[in-house]
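Have a look at entry17.cif below; it lists mmCIF, N, CA and C atoms.
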data_work
loop_
_atom_site.label_atom_id
_atom_site.label_comp_id
_atom_site.auth_asym_id
_atom_site.auth_seq_id
_atom_site.Cartn_x
_atom_site.Cartn_y
_atom_site.Cartn_z
N MET A 1 -3.17 12.88 6.64
CA MET A 1 -4.61 12.86 6.58
C MET A 1 -5.14 11.71 7.43
N LEU A 2 -6.21 11.97 8.15
CA LEU A 2 -6.87 10.98 8.99
C LEU A 2 -8.35 11.00 8.68
N VAL A 3 -8.91 9.82 8.39
CA VAL A 3 -10.34 9.67 8.18
C VAL A 3 -10.83 8.67 9.21
N SER A 4 -11.86 9.04 9.94
CA SER A 4 -12.42 8.18 10.97
C SER A 4 -13.94 8.23 10.87
N LYS A 5 -14.58 7.05 10.86
CA LYS A 5 -16.04 7.03 10.83
C LYS A 5 -16.57 5.77 11.48
N ARG A 6 -17.79 5.84 11.92
CA ARG A 6 -18.48 4.69 12.52
C ARG A 6 -19.31 4.01 11.44
N ILE A 7 -19.27 2.67 11.44
CA ILE A 7 -20.01 1.89 10.45
C ILE A 7 -20.90 0.91 11.21
N LYS A 8 -22.18 0.88 10.83
CA LYS A 8 -23.13 -0.03 11.47
C LYS A 8 -22.89 -1.46 11.04
N VAL A 9 -22.91 -2.35 12.01
CA VAL A 9 -22.83 -3.79 11.78
C VAL A 9 -23.99 -4.39 12.57
N GLY A 10 -25.10 -4.62 11.92
CA GLY A 10 -26.31 -5.02 12.63
C GLY A 10 -26.73 -3.90 13.56
N LYS A 11 -26.90 -4.21 14.85
CA LYS A 11 -27.27 -3.20 15.83
C LYS A 11 -26.06 -2.57 16.50
N LYS A 12 -24.88 -3.03 16.14
CA LYS A 12 -23.64 -2.54 16.74
C LYS A 12 -22.89 -1.67 15.74
N GLN A 13 -21.76 -1.11 16.18
CA GLN A 13 -20.93 -0.28 15.31
C GLN A 13 -19.47 -0.67 15.46
N ILE A 14 -18.73 -0.40 14.39
CA ILE A 14 -17.28 -0.52 14.44
C ILE A 14 -16.69 0.84 14.07
N LEU A 15 -15.47 1.05 14.48
CA LEU A 15 -14.76 2.27 14.12
C LEU A 15 -13.85 1.95 12.94
N ALA A 16 -13.99 2.71 11.86
CA ALA A 16 -13.14 2.55 10.68
C ALA A 16 -12.19 3.74 10.61
N VAL A 17 -10.88 3.45 10.50
CA VAL A 17 -9.87 4.51 10.48
C VAL A 17 -8.96 4.31 9.28
N LEU A 18 -8.67 5.40 8.59
CA LEU A 18 -7.70 5.42 7.50
C LEU A 18 -6.70 6.51 7.83
N ILE A 19 -5.42 6.15 7.84
CA ILE A 19 -4.36 7.12 8.08
C ILE A 19 -3.44 7.10 6.86
N LYS A 20 -3.30 8.26 6.24
CA LYS A 20 -2.42 8.38 5.07
C LYS A 20 -0.98 8.44 5.56
N LEU A 21 -0.20 7.46 5.17
CA LEU A 21 1.23 7.43 5.50
C LEU A 21 2.03 7.85 4.27
N ALA A 22 3.33 7.80 4.36
CA ALA A 22 4.19 8.28 3.28
C ALA A 22 3.92 7.58 1.95
N SER A 23 3.80 6.26 1.96
CA SER A 23 3.66 5.55 0.69
C SER A 23 2.35 4.81 0.52
N ASN A 24 1.57 4.67 1.58
CA ASN A 24 0.31 3.94 1.48
C ASN A 24 -0.58 4.33 2.63
N ASN A 25 -1.77 3.75 2.69
CA ASN A 25 -2.71 4.04 3.77
C ASN A 25 -2.73 2.91 4.78
N LEU A 26 -2.84 3.27 6.04
CA LEU A 26 -3.04 2.30 7.10
C LEU A 26 -4.54 2.25 7.36
N ILE A 27 -5.12 1.05 7.32
CA ILE A 27 -6.55 0.87 7.50
C ILE A 27 -6.77 0.03 8.75
N LEU A 28 -7.71 0.46 9.59
CA LEU A 28 -8.06 -0.27 10.82
C LEU A 28 -9.57 -0.28 10.96
N LEU A 29 -10.14 -1.45 11.18
CA LEU A 29 -11.56 -1.61 11.49
C LEU A 29 -11.62 -2.21 12.89
N LYS A 30 -12.09 -1.43 13.87
CA LYS A 30 -12.02 -1.85 15.27
C LYS A 30 -13.41 -2.05 15.86
N GLY A 31 -13.60 -3.23 16.42
CA GLY A 31 -14.82 -3.54 17.16
C GLY A 31 -14.49 -3.70 18.63
N LYS A 32 -15.51 -4.03 19.44
CA LYS A 32 -15.29 -4.21 20.88
C LYS A 32 -14.44 -5.43 21.20
N ARG A 33 -14.54 -6.48 20.35
CA ARG A 33 -13.83 -7.73 20.63
C ARG A 33 -12.50 -7.87 19.92
N GLY A 34 -12.24 -7.03 18.92
CA GLY A 34 -11.00 -7.18 18.17
C GLY A 34 -10.94 -6.22 17.00
N TYR A 35 -10.01 -6.48 16.08
CA TYR A 35 -9.81 -5.56 14.97
C TYR A 35 -9.34 -6.28 13.72
N VAL A 36 -9.59 -5.60 12.60
CA VAL A 36 -9.11 -6.00 11.28
C VAL A 36 -8.17 -4.90 10.85
N MET A 37 -6.99 -5.28 10.34
CA MET A 37 -6.02 -4.27 9.95
C MET A 37 -5.32 -4.68 8.67
N CYS A 38 -4.86 -3.69 7.94
CA CYS A 38 -4.15 -3.93 6.69
C CYS A 38 -2.79 -4.59 6.94
N GLY A 39 -2.02 -4.71 5.91
CA GLY A 39 -0.73 -5.39 5.97
C GLY A 39 0.28 -4.80 6.94
N TYR A 40 0.02 -3.63 7.48
CA TYR A 40 0.92 -3.06 8.48
C TYR A 40 0.86 -3.83 9.80
N LEU A 41 -0.16 -4.66 9.98
CA LEU A 41 -0.32 -5.42 11.23
C LEU A 41 0.82 -6.42 11.40
N ASN A 42 1.41 -6.40 12.57
CA ASN A 42 2.43 -7.38 12.93
C ASN A 42 1.74 -8.47 13.74
N MET A 43 1.47 -9.60 13.09
CA MET A 43 0.71 -10.68 13.72
C MET A 43 1.45 -11.29 14.91
N VAL A 44 2.78 -11.28 14.89
CA VAL A 44 3.55 -11.80 16.03
C VAL A 44 3.23 -10.98 17.28
N VAL A 45 3.19 -9.68 17.13
CA VAL A 45 2.88 -8.80 18.27
C VAL A 45 1.43 -8.97 18.69
N ALA A 46 0.51 -9.06 17.73
CA ALA A 46 -0.90 -9.26 18.05
C ALA A 46 -1.08 -10.54 18.87
N ASN A 47 -0.39 -11.60 18.49
CA ASN A 47 -0.46 -12.86 19.24
C ASN A 47 0.17 -12.70 20.63
N LYS A 48 1.26 -11.98 20.70
CA LYS A 48 1.94 -11.76 21.98
C LYS A 48 1.00 -11.09 22.99
N PHE A 49 0.19 -10.15 22.53
CA PHE A 49 -0.73 -9.43 23.40
C PHE A 49 -2.08 -10.11 23.55
N GLY A 50 -2.30 -11.22 22.86
CA GLY A 50 -3.56 -11.94 22.97
C GLY A 50 -4.73 -11.24 22.30
N ASP A 51 -4.45 -10.47 21.25
CA ASP A 51 -5.50 -9.73 20.54
C ASP A 51 -6.29 -10.64 19.59
N VAL A 52 -7.57 -10.33 19.44
CA VAL A 52 -8.37 -10.90 18.36
C VAL A 52 -8.08 -10.02 17.16
N ALA A 53 -7.18 -10.49 16.30
CA ALA A 53 -6.66 -9.67 15.20
C ALA A 53 -6.76 -10.41 13.88
N VAL A 54 -7.09 -9.65 12.84
CA VAL A 54 -7.22 -10.20 11.49
C VAL A 54 -6.44 -9.29 10.55
N LYS A 55 -5.62 -9.90 9.70
CA LYS A 55 -4.86 -9.14 8.71
C LYS A 55 -5.50 -9.28 7.35
N ILE A 56 -5.64 -8.13 6.66
CA ILE A 56 -6.07 -8.10 5.27
C ILE A 56 -4.97 -7.41 4.47
N THR A 57 -4.92 -7.67 3.18
CA THR A 57 -3.89 -7.04 2.34
C THR A 57 -4.50 -6.56 1.03
N GLY A 58 -3.75 -5.71 0.33
CA GLY A 58 -4.17 -5.24 -0.98
C GLY A 58 -5.28 -4.21 -0.95
N VAL A 59 -5.42 -3.52 0.18
CA VAL A 59 -6.47 -2.50 0.30
C VAL A 59 -5.84 -1.14 0.59
N SER A 60 -6.48 -0.10 0.08
CA SER A 60 -6.00 1.25 0.39
C SER A 60 -7.14 2.19 0.76
N THR A 61 -8.38 1.64 0.82
CA THR A 61 -9.53 2.43 1.24
C THR A 61 -10.36 1.61 2.23
N ILE A 62 -11.19 2.31 2.97
CA ILE A 62 -12.08 1.62 3.91
C ILE A 62 -13.06 0.74 3.13
N LYS A 63 -13.57 1.24 2.01
CA LYS A 63 -14.50 0.46 1.19
C LYS A 63 -13.86 -0.85 0.72
N GLN A 64 -12.61 -0.78 0.26
CA GLN A 64 -11.91 -2.00 -0.16
C GLN A 64 -11.73 -2.95 1.02
N ALA A 65 -11.42 -2.41 2.19
CA ALA A 65 -11.23 -3.24 3.38
C ALA A 65 -12.52 -3.98 3.73
N LEU A 66 -13.65 -3.30 3.64
CA LEU A 66 -14.93 -3.92 3.95
C LEU A 66 -15.29 -5.04 2.99
N GLY A 67 -14.73 -5.01 1.78
CA GLY A 67 -15.00 -6.04 0.79
C GLY A 67 -13.94 -7.12 0.68
N SER A 68 -12.99 -7.11 1.61
CA SER A 68 -11.87 -8.05 1.51
C SER A 68 -12.08 -9.30 2.36
N ARG A 69 -11.03 -10.13 2.39
CA ARG A 69 -11.06 -11.40 3.14
C ARG A 69 -9.82 -11.50 4.02
N ALA A 70 -9.91 -12.26 5.08
CA ALA A 70 -8.81 -12.44 6.02
C ALA A 70 -7.66 -13.19 5.36
N VAL A 71 -6.47 -12.63 5.46
CA VAL A 71 -5.26 -13.27 4.96
C VAL A 71 -4.62 -14.11 6.06
N SER A 72 -4.59 -13.54 7.27
CA SER A 72 -4.10 -14.29 8.43
C SER A 72 -4.88 -13.84 9.66
N ILE A 73 -4.90 -14.71 10.67
CA ILE A 73 -5.65 -14.43 11.88
C ILE A 73 -4.81 -14.80 13.10
N SER A 74 -5.07 -14.13 14.20
CA SER A 74 -4.35 -14.44 15.44
C SER A 74 -4.94 -15.69 16.07
N ALA A 75 -4.22 -16.23 17.05
CA ALA A 75 -4.70 -17.40 17.78
C ALA A 75 -6.02 -17.10 18.48
N GLU A 76 -6.15 -15.90 19.05
CA GLU A 76 -7.39 -15.52 19.74
C GLU A 76 -8.54 -15.37 18.75
N ALA A 77 -8.26 -14.89 17.54
CA ALA A 77 -9.30 -14.78 16.52
C ALA A 77 -9.84 -16.16 16.17
N LYS A 78 -8.96 -17.11 16.08
CA LYS A 78 -9.37 -18.49 15.79
C LYS A 78 -10.28 -19.02 16.89
N LYS A 79 -9.97 -18.69 18.14
CA LYS A 79 -10.76 -19.15 19.28
C LYS A 79 -12.19 -18.61 19.26
N VAL A 80 -12.41 -17.43 18.69
CA VAL A 80 -13.76 -16.86 18.65
C VAL A 80 -14.50 -17.21 17.37
N GLY A 81 -13.91 -18.08 16.56
CA GLY A 81 -14.60 -18.59 15.38
C GLY A 81 -14.26 -17.93 14.06
N ILE A 82 -13.24 -17.09 14.04
CA ILE A 82 -12.83 -16.45 12.79
C ILE A 82 -11.91 -17.39 12.04
N LYS A 83 -12.07 -17.41 10.72
CA LYS A 83 -11.28 -18.31 9.88
C LYS A 83 -10.51 -17.53 8.82
N ARG A 84 -9.38 -18.07 8.43
CA ARG A 84 -8.61 -17.50 7.33
C ARG A 84 -9.47 -17.53 6.07
N ASN A 85 -9.41 -16.51 5.26
CA ASN A 85 -10.17 -16.35 4.02
C ASN A 85 -11.64 -16.00 4.25
N GLN A 86 -12.05 -15.80 5.50
CA GLN A 86 -13.42 -15.39 5.80
C GLN A 86 -13.62 -13.94 5.39
N SER A 87 -14.82 -13.59 4.97
CA SER A 87 -15.09 -12.22 4.54
C SER A 87 -15.03 -11.26 5.73
N VAL A 88 -14.56 -10.06 5.49
CA VAL A 88 -14.51 -9.04 6.54
C VAL A 88 -15.91 -8.74 7.05
N GLN A 89 -16.90 -8.75 6.17
CA GLN A 89 -18.28 -8.50 6.61
C GLN A 89 -18.70 -9.51 7.67
N ASP A 90 -18.38 -10.79 7.49
CA ASP A 90 -18.71 -11.81 8.48
C ASP A 90 -17.87 -11.65 9.75
N ILE A 91 -16.61 -11.28 9.59
CA ILE A 91 -15.73 -11.08 10.74
C ILE A 91 -16.23 -9.92 11.60
N LEU A 92 -16.69 -8.86 10.98
CA LEU A 92 -17.17 -7.70 11.73
C LEU A 92 -18.36 -8.06 12.60
N LYS A 93 -19.19 -8.98 12.17
CA LYS A 93 -20.34 -9.44 12.98
C LYS A 93 -19.85 -10.11 14.26
N ILE A 94 -18.68 -10.72 14.22
CA ILE A 94 -18.11 -11.39 15.39
C ILE A 94 -17.43 -10.39 16.33
N ILE A 95 -16.71 -9.42 15.79
CA ILE A 95 -15.92 -8.52 16.63
C ILE A 95 -16.60 -7.22 17.01
N ALA A 96 -17.73 -6.89 16.39
CA ALA A 96 -18.41 -5.60 16.63
C ALA A 96 -18.80 -5.40 18.10
#
What would the structure in this file look like if it were written as structure tokens?
Amino acid sequence: MLVSKRIKVGKKQILAVLIKLASNNLILLKGKRGYVMCGYLNMVVANKFGDVAVKITGVSTIKQALGSRAVSISAEAKKVGIKRNQSVQDILKIIA
């Protein structure tokens, strides 16, 4: 199963994607500047590619993802002002 929808963030939009995998859901919130992803995100790889990436955990729906906080962030995310434990709502304003 694949669920994809656009979510307004101020005057901009992000793409929210949920992919049902064998044992859990993969959640991705993608803006123009970067993305927020569930625990499936490999932060080492995100850093290797220079992505503005934020990892969240403990979510299985898009709604839960939107209400969560950053568990870890890439080096590039830090450079654009994103902080660990910052709310996803605030992060989306930066990456949208």
Choose the residue, out of A:Lys55, A:Arg6, A:Lys78, A:Lys11, that has the smallest atom-to-atom separation from Cys38 (chain A); count only C-alpha atoms. A:Lys55
Looking only at alpha helix (DSSP H) from DSSP on the backbone, list the matching residues of chain A as a ChimeraX atom specification. /A:43-48,62-66,75-79,88-95
CA of Gly31 (chain A) to CA of Val80 (chain A) measures 13.4 Å
If we count all atoms listed in the file, what is near region 14-25 of chain A at a cut-off of 8 Å, once residues fewer than 2 positions away on the same chain are taken out, given as a VMD selection string? chain A and resid 1 to 9 11 to 12 27 to 32 38 to 40 59 to 62 92 95 to 96
Tell me which of A:Lys93, A:Lys63, A:Gly58, A:Ser74 sits closest to Met43 (chain A), counting all atoms listed in the file. A:Ser74
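Comparing A:Val88, A:Ile94, A:Ile82, A:Leu26 by their smallest distance to Ala70 (chain A), the closest is A:Val88 (using only N, CA and C atoms).
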A straight line from atom C of Lys83 (chain A) to atom C of Asp51 (chain A) spans 13.5 Å
Can you measure CA of Thr57 (chain A) to CA of Lys79 (chain A) for me? One decimal in Å is fine.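 Straight-line distance from CA of Thr57 (chain A) to CA of Lys79 (chain A) works out to 21.9 Å.
Distances to Val54 (chain A) were evaluated for A:Gly10, A:Ile73, A:Gly34, A:Asp90 using only C-alpha atoms, and the minimum falls at A:Ile73.
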Quick check on the file I pasted: which residues fall under the PyMOL selection byres (((chain A and resi 87 and name CA) around 8) and name CA)? Write them as an NGL selection string. :A and (67-70 or 85-86 or 88-91)
Ala46 (chain A): which residues within 7 Å, counting only N, CA and C atoms, same-chain residues fewer than 6 positions away excluded, as JSON, numbers by chain? {"A": [52, 53, 74, 75]}
Would you return as a PyMOL selection string the members of region 51-85 of chain A that DSSP assigns to strand (DSSP E) on this structure's backbone? chain A and resi 53-55+72-73
Edge lengths and centre in Å to one decimal, as lines of an AutoDock Vina configuration file, of the axis-aligned box that encloses all listed atoms of region 64-83 of chain A with 3 Å added on every side?
center_x = -9.7
center_y = -10.0
center_z = 9.8
size_x = 17.2
size_y = 24.4
size_z = 25.9
